>>> print(open('upload.tsv').read())   # TSV, C-alpha atoms
chain	number	residue	atom	x	y	z
R	1	MET	CA	-18.07	-2.39	25.29
R	2	ARG	CA	-14.37	-3.14	25.59
R	3	VAL	CA	-12.45	-1.61	22.68
R	4	ALA	CA	-8.86	-1.52	21.47
R	5	VAL	CA	-7.86	1.79	19.91
R	6	LEU	CA	-5.23	1.68	17.16
R	7	VAL	CA	-3.04	4.74	16.57
R	8	SER	CA	-0.09	5.80	14.44
R	9	GLY	CA	0.36	9.45	15.37
R	10	SER	CA	-0.38	12.04	18.03
R	11	GLY	CA	-3.65	10.45	19.10
R	12	SER	CA	-5.95	13.48	19.16
R	13	ASN	CA	-8.97	11.33	18.30
R	14	LEU	CA	-7.87	8.86	20.97
R	15	GLN	CA	-7.89	11.72	23.48
R	16	ALA	CA	-11.41	12.69	22.41
R	17	LEU	CA	-12.52	9.10	23.01
R	18	ILE	CA	-10.81	8.98	26.41
R	19	ASP	CA	-12.37	12.27	27.49
R	20	HIS	CA	-15.82	11.23	26.28
R	21	ALA	CA	-15.71	7.84	27.98
R	22	ARG	CA	-14.71	9.45	31.27
R	23	SER	CA	-17.19	12.32	31.16
R	24	ASP	CA	-20.22	10.23	30.20
R	25	PRO	CA	-21.24	7.69	32.85
R	26	VAL	CA	-23.52	5.87	30.40
R	27	ALA	CA	-21.12	5.83	27.46
R	28	GLU	CA	-20.52	2.10	27.97
R	29	ILE	CA	-17.07	2.42	26.37
R	30	GLU	CA	-14.00	0.95	28.03
R	31	ILE	CA	-10.69	1.41	26.23
R	32	VAL	CA	-8.80	-1.71	27.32
R	33	VAL	CA	-5.63	-1.16	25.27
R	34	VAL	CA	-4.08	1.34	22.88
R	35	ILE	CA	-2.00	-0.29	20.15
R	36	ALA	CA	0.48	1.68	18.05
R	37	ASP	CA	2.38	0.65	14.94
R	38	ARG	CA	5.26	2.98	15.86
R	39	ARG	CA	7.23	3.01	19.10
R	40	HIS	CA	7.24	6.81	19.30
R	41	ALA	CA	3.58	7.45	18.43
R	42	GLY	CA	2.24	10.28	20.60
R	43	GLY	CA	-0.94	8.33	21.23
R	44	LEU	CA	1.04	5.97	23.48
R	45	ASP	CA	1.83	8.87	25.83
R	46	ARG	CA	-1.84	9.81	25.95
R	47	ALA	CA	-2.76	6.23	26.84
R	48	ARG	CA	-0.17	6.01	29.60
R	49	ALA	CA	-1.22	9.38	31.01
R	50	ALA	CA	-4.79	8.07	31.22
R	51	GLY	CA	-3.71	4.81	32.85
R	52	ILE	CA	-4.67	2.72	29.81
R	53	PRO	CA	-2.44	-0.22	28.85
R	54	ALA	CA	-0.35	0.54	25.77
R	55	ASP	CA	1.20	-1.89	23.32
R	56	VAL	CA	3.51	-1.46	20.35
R	57	VAL	CA	3.19	-3.70	17.32
R	58	GLU	CA	5.80	-2.24	15.00
R	59	TRP	CA	5.05	-2.53	11.32
R	60	SER	CA	8.77	-2.83	10.53
R	61	ALA	CA	9.13	-5.92	12.71
R	62	PHE	CA	6.96	-8.08	10.45
R	63	PRO	CA	7.64	-9.53	7.00
R	64	ASP	CA	4.15	-8.95	5.61
R	65	ARG	CA	0.67	-7.57	6.26
R	66	PRO	CA	-0.91	-10.85	7.41
R	67	SER	CA	1.69	-11.44	10.13
R	68	PHE	CA	1.43	-7.82	11.29
R	69	THR	CA	-2.34	-8.14	11.40
R	70	ASP	CA	-2.11	-11.38	13.39
R	71	ALA	CA	0.01	-9.58	15.99
R	72	ILE	CA	-2.54	-6.74	16.22
R	73	ILE	CA	-5.35	-9.28	16.70
R	74	ALA	CA	-3.35	-11.10	19.39
R	75	SER	CA	-2.71	-7.86	21.29
R	76	ALA	CA	-6.40	-6.89	21.18
R	77	GLU	CA	-7.50	-10.37	22.23
R	78	ARG	CA	-5.08	-10.42	25.18
R	79	ALA	CA	-6.73	-7.23	26.43
R	80	GLY	CA	-10.20	-8.69	26.03
R	81	ALA	CA	-11.26	-6.24	23.33
R	82	GLU	CA	-14.61	-6.75	21.61
R	83	ALA	CA	-14.02	-4.24	18.80
R	84	LEU	CA	-11.25	-2.23	17.16
R	85	VAL	CA	-11.41	1.54	16.81
R	86	LEU	CA	-8.98	3.15	14.36
R	87	ALA	CA	-7.86	6.62	15.43
R	88	GLY	CA	-5.35	7.92	12.93
R	89	PHE	CA	-4.07	4.40	12.29
R	90	MET	CA	-2.23	4.52	8.98
R	91	ARG	CA	-1.85	0.82	8.21
R	92	VAL	CA	-4.19	-1.38	6.21
R	93	LEU	CA	-5.01	-4.59	8.05
R	94	SER	CA	-5.58	-7.90	6.31
R	95	SER	CA	-9.00	-9.53	6.14
R	96	ALA	CA	-8.22	-11.57	9.26
R	97	ALA	CA	-8.88	-8.47	11.37
R	98	VAL	CA	-12.31	-7.93	9.79
R	99	ASP	CA	-13.09	-11.59	10.43
R	100	SER	CA	-12.08	-11.27	14.10
R	101	PHE	CA	-13.59	-7.93	15.18
R	102	PRO	CA	-16.05	-5.25	14.19
R	103	ILE	CA	-13.83	-2.30	13.23
R	104	ILE	CA	-14.72	1.39	13.00
R	105	ASN	CA	-12.65	4.11	11.34
R	106	VAL	CA	-12.84	7.88	10.95
R	107	HIS	CA	-11.76	9.47	7.67
R	108	PRO	CA	-11.15	13.18	6.90
R	109	ALA	CA	-13.32	13.41	3.78
R	110	LEU	CA	-16.83	12.66	2.59
R	111	LEU	CA	-16.35	9.13	1.30
R	112	PRO	CA	-16.40	7.79	-1.34
R	113	ALA	CA	-14.53	10.97	-2.33
R	114	PHE	CA	-10.83	11.10	-1.52
R	115	PRO	CA	-10.08	7.76	0.10
R	116	GLY	CA	-6.56	6.98	1.29
R	117	ALA	CA	-3.90	8.71	3.34
R	118	HIS	CA	-3.90	12.18	1.70
R	119	ALA	CA	-7.58	13.08	1.72
R	120	VAL	CA	-7.22	16.70	2.90
R	121	ARG	CA	-4.45	17.51	0.44
R	122	GLU	CA	-6.36	15.90	-2.44
R	123	ALA	CA	-9.58	17.75	-1.58
R	124	LEU	CA	-7.77	21.08	-1.70
R	125	ALA	CA	-5.99	20.20	-4.93
R	126	HIS	CA	-9.29	19.16	-6.52
R	127	GLY	CA	-10.85	22.51	-5.69
R	128	VAL	CA	-13.89	21.18	-3.84
R	129	LYS	CA	-16.04	23.67	-1.94
R	130	MET	CA	-17.08	21.13	0.66
R	131	THR	CA	-15.31	18.23	2.32
R	132	GLY	CA	-15.90	16.70	5.74
R	133	VAL	CA	-15.74	13.68	8.01
R	134	THR	CA	-16.89	10.11	7.50
R	135	VAL	CA	-17.18	7.46	10.20
R	136	HIS	CA	-17.54	3.99	8.74
R	137	PHE	CA	-17.25	0.31	9.41
R	138	VAL	CA	-14.09	-1.25	8.01
R	139	ASP	CA	-14.23	-4.00	5.40
R	140	GLU	CA	-11.52	-5.65	3.29
R	141	LEU	CA	-11.05	-2.59	1.06
R	142	VAL	CA	-9.51	0.78	1.94
R	143	ASP	CA	-12.02	3.40	3.18
R	144	HIS	CA	-14.85	1.40	1.68
R	145	GLY	CA	-17.03	-0.11	4.42
R	146	PRO	CA	-20.61	0.89	5.28
R	147	ILE	CA	-20.93	4.56	6.23
R	148	ILE	CA	-22.26	5.25	9.72
R	149	ALA	CA	-22.16	9.05	9.84
R	150	GLN	CA	-20.95	12.01	7.80
R	151	GLU	CA	-20.67	15.72	8.44
R	152	ALA	CA	-19.67	18.41	5.97
R	153	VAL	CA	-16.86	20.92	6.51
R	154	PRO	CA	-16.68	23.89	4.10
R	155	VAL	CA	-13.46	24.74	2.33
R	156	ILE	CA	-12.65	28.41	2.91
R	157	GLU	CA	-10.80	30.63	0.45
R	158	GLY	CA	-7.13	30.60	1.39
R	159	ASP	CA	-7.30	27.31	3.29
R	160	THR	CA	-4.09	25.38	3.69
R	161	ILE	CA	-3.84	21.68	4.41
R	162	GLU	CA	-3.18	22.57	8.03
R	163	SER	CA	-6.08	25.00	8.48
R	164	LEU	CA	-8.59	22.74	6.76
R	165	HIS	CA	-7.39	19.67	8.65
R	166	ALA	CA	-7.72	21.55	11.95
R	167	ARG	CA	-11.41	22.30	11.25
R	168	ILE	CA	-12.00	18.73	10.14
R	169	GLN	CA	-10.47	17.47	13.37
R	170	GLN	CA	-12.84	19.62	15.41
R	171	VAL	CA	-15.73	17.70	13.84
R	172	GLU	CA	-13.95	14.35	14.24
R	173	HIS	CA	-13.38	14.93	17.95
R	174	ARG	CA	-17.12	15.48	18.47
R	175	LEU	CA	-18.64	13.03	15.98
R	176	TYR	CA	-16.38	10.01	16.49
R	177	PRO	CA	-17.09	9.55	20.22
R	178	GLU	CA	-20.83	9.91	19.52
R	179	VAL	CA	-20.67	7.07	16.98
R	180	ILE	CA	-18.56	4.81	19.21
R	181	ARG	CA	-21.01	5.45	22.06
R	182	ALA	CA	-23.95	4.49	19.84
R	183	PHE	CA	-22.13	1.36	18.72
R	184	ALA	CA	-21.29	0.37	22.30
R	185	GLN	CA	-24.93	0.82	23.28
R	186	GLY	CA	-26.16	-1.40	20.43
R	187	ARG	CA	-27.87	1.44	18.57
R	188	LEU	CA	-26.24	0.76	15.18
R	189	SER	CA	-27.52	-1.90	12.79
R	190	VAL	CA	-26.14	-2.82	9.38
R	191	GLU	CA	-27.98	-4.28	6.41
R	192	GLY	CA	-25.79	-4.52	3.33
R	193	ARG	CA	-24.21	-1.08	2.96
R	194	LYS	CA	-26.95	0.72	4.89
R	195	VAL	CA	-26.33	1.60	8.55
R	196	THR	CA	-29.26	2.58	10.73
R	197	TRP	CA	-28.49	4.69	13.80
R	198	LYS	CA	-31.18	4.66	16.47
R	199	ARG	CA	-30.76	8.04	18.13
R	200	ASP	CA	-31.18	8.74	21.85
R	201	GLY	CA	-34.78	9.19	22.88
>>> encode(input="upload.tsv", output="structure tokens")
Amino acid sequence: MRVAVLVSGSGSNLQALIDHARSDPVAEIEIVVVIADRRHAGGLDRARAAGIPADVVEWSAFPDRPSFTDAIIASAERAGAEALVLAGFMRVLSSAAVDSFPIINVHPALLPAFPGAHAVREALAHGVKMTGVTVHFVDELVDHGPIIAQEAVPVIEGDTIESLHARIQQVEHRLYPEVIRAFAQGRLSVEGRKVTWKRDG
């Protein structure tokens, strides 16, 4: 499956996807373009280092969300992408993107708890004993689409945002490529809000 990966920051989940696609001959994932909403996003450097085309669609260059989304769609379509994978992409796309592509996102909490951009900070502030990672399909609402996979990460006494986020990322870097691989191989099916994952073997 040909995918466009959207990034805003350093691109550590992008790197996990690149490494997985290259190490697994049957992954059936081809990253055809990396699209960033910021010119200096570190994920662009990771794409270029891997020989993957990189494109910048700067949020600040557009008057509104629909026009920004249209530019993202156009970039992905030029590359021949069949799906969008969000890897630390911090912009909300308009419904036109959902209408054009299947979209998958990874979120650093156990949705529906702590949606939005500050999930790790909010989990710590709330005093939860367990948080985690959610991989889900994207719909028109923020962090709302059907859940594909979740994995818990315990909160340890004395955790900071940085220490907890680092442990969450370890899970993301393993779980996210597994889900994208299953999606590329046609092993995910959706009925309403329920996602069925046909495991290997």
>>> residues_around(input="upload.tsv", residues="Glu82 of chain R", least_positions_apart="6", cutoff="10 Å", atoms="all atoms listed in the file", output="JSON, numbers by chain")
{"R": [1, 2, 3, 4, 32, 76, 100, 101, 102, 103, 184]}
>>> residues_around(input="upload.tsv", residues="Arg46 of chain R", least_positions_apart="3", cutoff="9 Å", atoms="only C-alpha atoms", output="PyMOL selection string")
chain R and resi 10-12+14-15+42-43+49-52
>>> closest_residue(input="upload.tsv", among="R:Asp55, R:Glu151, R:Glu28, R:Asp159", to="Arg181 of chain R", atoms="all atoms listed in the file")
R:Glu28
>>> atom_distance(input="upload.tsv", atom1="atom CA of Leu86 of chain R", atom2="atom CA of Gly132 of chain R")
17.5 Å
>>> atom_distance(input="upload.tsv", atom1="atom CA of Leu175 of chain R", atom2="atom CA of Ala71 of chain R")
29.3 Å
>>> axis_aligned_box(input="upload.tsv", around="segment 51-65 of chain R", padding_each_side="6 Å", output="JSON")
{"center_x": 2.2, "center_y": -2.4, "center_z": 19.2, "size_x": 25.8, "size_y": 26.3, "size_z": 39.2}
>>> residues_around(input="upload.tsv", residues="Met130 of chain R", least_positions_apart="4", cutoff="9 Å", atoms="only C-alpha atoms", output="PyMOL selection string")
chain R and resi 110+123+152-156
>>> closest_residue(input="upload.tsv", among="R:Val190, R:Val5, R:Val56, R:Ile18", to="Val33 of chain R", atoms="only C-alpha atoms")
R:Val5
>>> atom_distance(input="upload.tsv", atom1="atom CA of Ala81 of chain R", atom2="atom CA of Val98 of chain R")
13.7 Å
>>> closest_residue(input="upload.tsv", among="R:Val85, R:Ile168, R:Val195, R:Leu141", to="Val120 of chain R", atoms="all atoms listed in the file")
R:Ile168
>>> closest_residue(input="upload.tsv", among="R:Ile35, R:Ser75, R:Val128, R:Phe89", to="Ser8 of chain R", atoms="all atoms listed in the file")
R:Phe89
>>> closest_residue(input="upload.tsv", among="R:Gly186, R:Pro53, R:Pro146, R:Pro66", to="Val92 of chain R", atoms="all atoms listed in the file")
R:Pro66
>>> residues_around(input="upload.tsv", residues="Ala97 of chain R", least_positions_apart="4", cutoff="8 Å", atoms="only C-alpha atoms", output="MDAnalysis selection string")
chainID R and resid 69:70 73 93 101
>>> write_last_selection(input="upload.tsv", atoms="C-alpha atoms", output="PDB file, in the frame of the given file")
ATOM      1  CA  THR R  69      -2.340  -8.140  11.400  1.00  0.00           C
ATOM      2  CA  ASP R  70      -2.110 -11.380  13.390  1.00  0.00           C
ATOM      3  CA  ILE R  73      -5.350  -9.280  16.700  1.00  0.00           C
ATOM      4  CA  LEU R  93      -5.010  -4.590   8.050  1.00  0.00           C
ATOM      5  CA  PHE R 101     -13.590  -7.930  15.180  1.00  0.00           C
TER       6      PHE R 101
END
>>> closest_residue(input="upload.tsv", among="R:Arg48, R:His165, R:Arg38, R:Arg22", to="Ala61 of chain R", atoms="all atoms listed in the file")
R:Arg38
>>> residues_around(input="upload.tsv", residues="Ile104 of chain R", least_positions_apart="3", cutoff="6 Å", atoms="only C-alpha atoms", output="PyMOL selection string")
chain R and resi 85+136-138
>>> build_atoms(input="upload.tsv", residues="segment 169-190 of chain R", atoms="N, CA, C and O atoms", output="CSV table (one decimal), in the frame of the given file")
chain,number,residue,atom,x,y,z
R,169,GLN,N,-10.7,18.2,12.1
R,169,GLN,CA,-10.5,17.5,13.4
R,169,GLN,C,-11.4,17.9,14.5
R,169,GLN,O,-11.8,17.1,15.3
R,170,GLN,N,-11.8,19.2,14.4
R,170,GLN,CA,-12.8,19.6,15.4
R,170,GLN,C,-14.1,18.8,15.3
R,170,GLN,O,-14.7,18.4,16.3
R,171,VAL,N,-14.5,18.5,14.1
R,171,VAL,CA,-15.7,17.7,13.8
R,171,VAL,C,-15.5,16.3,14.3
R,171,VAL,O,-16.3,15.6,14.9
R,172,GLU,N,-14.3,15.7,13.9
R,172,GLU,CA,-14.0,14.4,14.2
R,172,GLU,C,-14.0,14.1,15.7
R,172,GLU,O,-14.6,13.1,16.2
R,173,HIS,N,-13.5,15.1,16.5
R,173,HIS,CA,-13.4,14.9,18.0
R,173,HIS,C,-14.8,14.9,18.6
R,173,HIS,O,-14.9,14.4,19.7
R,174,ARG,N,-15.7,15.5,18.0
R,174,ARG,CA,-17.1,15.5,18.5
R,174,ARG,C,-17.9,14.3,17.9
R,174,ARG,O,-18.6,13.6,18.7
R,175,LEU,N,-17.8,14.1,16.6
R,175,LEU,CA,-18.6,13.0,16.0
R,175,LEU,C,-18.2,11.6,16.3
R,175,LEU,O,-19.0,10.7,16.6
R,176,TYR,N,-16.9,11.4,16.3
R,176,TYR,CA,-16.4,10.0,16.5
R,176,TYR,C,-16.8,9.4,17.8
R,176,TYR,O,-17.3,8.3,17.9
R,177,PRO,N,-16.6,10.1,18.9
R,177,PRO,CA,-17.1,9.6,20.2
R,177,PRO,C,-18.6,9.3,20.2
R,177,PRO,O,-19.0,8.3,20.8
R,178,GLU,N,-19.4,10.1,19.6
R,178,GLU,CA,-20.8,9.9,19.5
R,178,GLU,C,-21.1,8.6,18.8
R,178,GLU,O,-22.0,7.8,19.2
R,179,VAL,N,-20.4,8.3,17.7
R,179,VAL,CA,-20.7,7.1,17.0
R,179,VAL,C,-20.2,5.9,17.8
R,179,VAL,O,-21.0,4.9,17.9
R,180,ILE,N,-19.1,5.9,18.4
R,180,ILE,CA,-18.6,4.8,19.2
R,180,ILE,C,-19.5,4.5,20.4
R,180,ILE,O,-19.8,3.4,20.7
R,181,ARG,N,-20.0,5.6,21.0
R,181,ARG,CA,-21.0,5.4,22.1
R,181,ARG,C,-22.3,4.7,21.6
R,181,ARG,O,-22.8,3.8,22.2
R,182,ALA,N,-22.8,5.1,20.4
R,182,ALA,CA,-24.0,4.5,19.8
R,182,ALA,C,-23.7,3.0,19.5
R,182,ALA,O,-24.5,2.2,19.8
R,183,PHE,N,-22.5,2.7,19.0
R,183,PHE,CA,-22.1,1.4,18.7
R,183,PHE,C,-22.1,0.5,20.0
R,183,PHE,O,-22.6,-0.6,20.1
R,184,ALA,N,-21.4,1.1,21.0
R,184,ALA,CA,-21.3,0.4,22.3
R,184,ALA,C,-22.6,0.1,22.9
R,184,ALA,O,-22.8,-0.9,23.6
R,185,GLN,N,-23.6,1.0,22.7
R,185,GLN,CA,-24.9,0.8,23.3
R,185,GLN,C,-25.9,0.0,22.4
R,185,GLN,O,-27.0,-0.2,22.7
R,186,GLY,N,-25.3,-0.6,21.3
R,186,GLY,CA,-26.2,-1.4,20.4
R,186,GLY,C,-27.2,-0.6,19.6
R,186,GLY,O,-28.2,-1.2,19.2
R,187,ARG,N,-26.9,0.6,19.3
R,187,ARG,CA,-27.9,1.4,18.6
R,187,ARG,C,-27.5,1.6,17.1
R,187,ARG,O,-28.2,2.4,16.4
R,188,LEU,N,-26.6,0.8,16.6
R,188,LEU,CA,-26.2,0.8,15.2
R,188,LEU,C,-26.6,-0.6,14.6
R,188,LEU,O,-26.3,-1.6,15.2
R,189,SER,N,-27.2,-0.6,13.5
R,189,SER,CA,-27.5,-1.9,12.8
R,189,SER,C,-27.1,-1.8,11.3
R,189,SER,O,-27.2,-0.7,10.7
R,190,VAL,N,-26.6,-2.8,10.7
R,190,VAL,CA,-26.1,-2.8,9.4
R,190,VAL,C,-26.9,-3.8,8.5
R,190,VAL,O,-27.0,-5.0,8.9
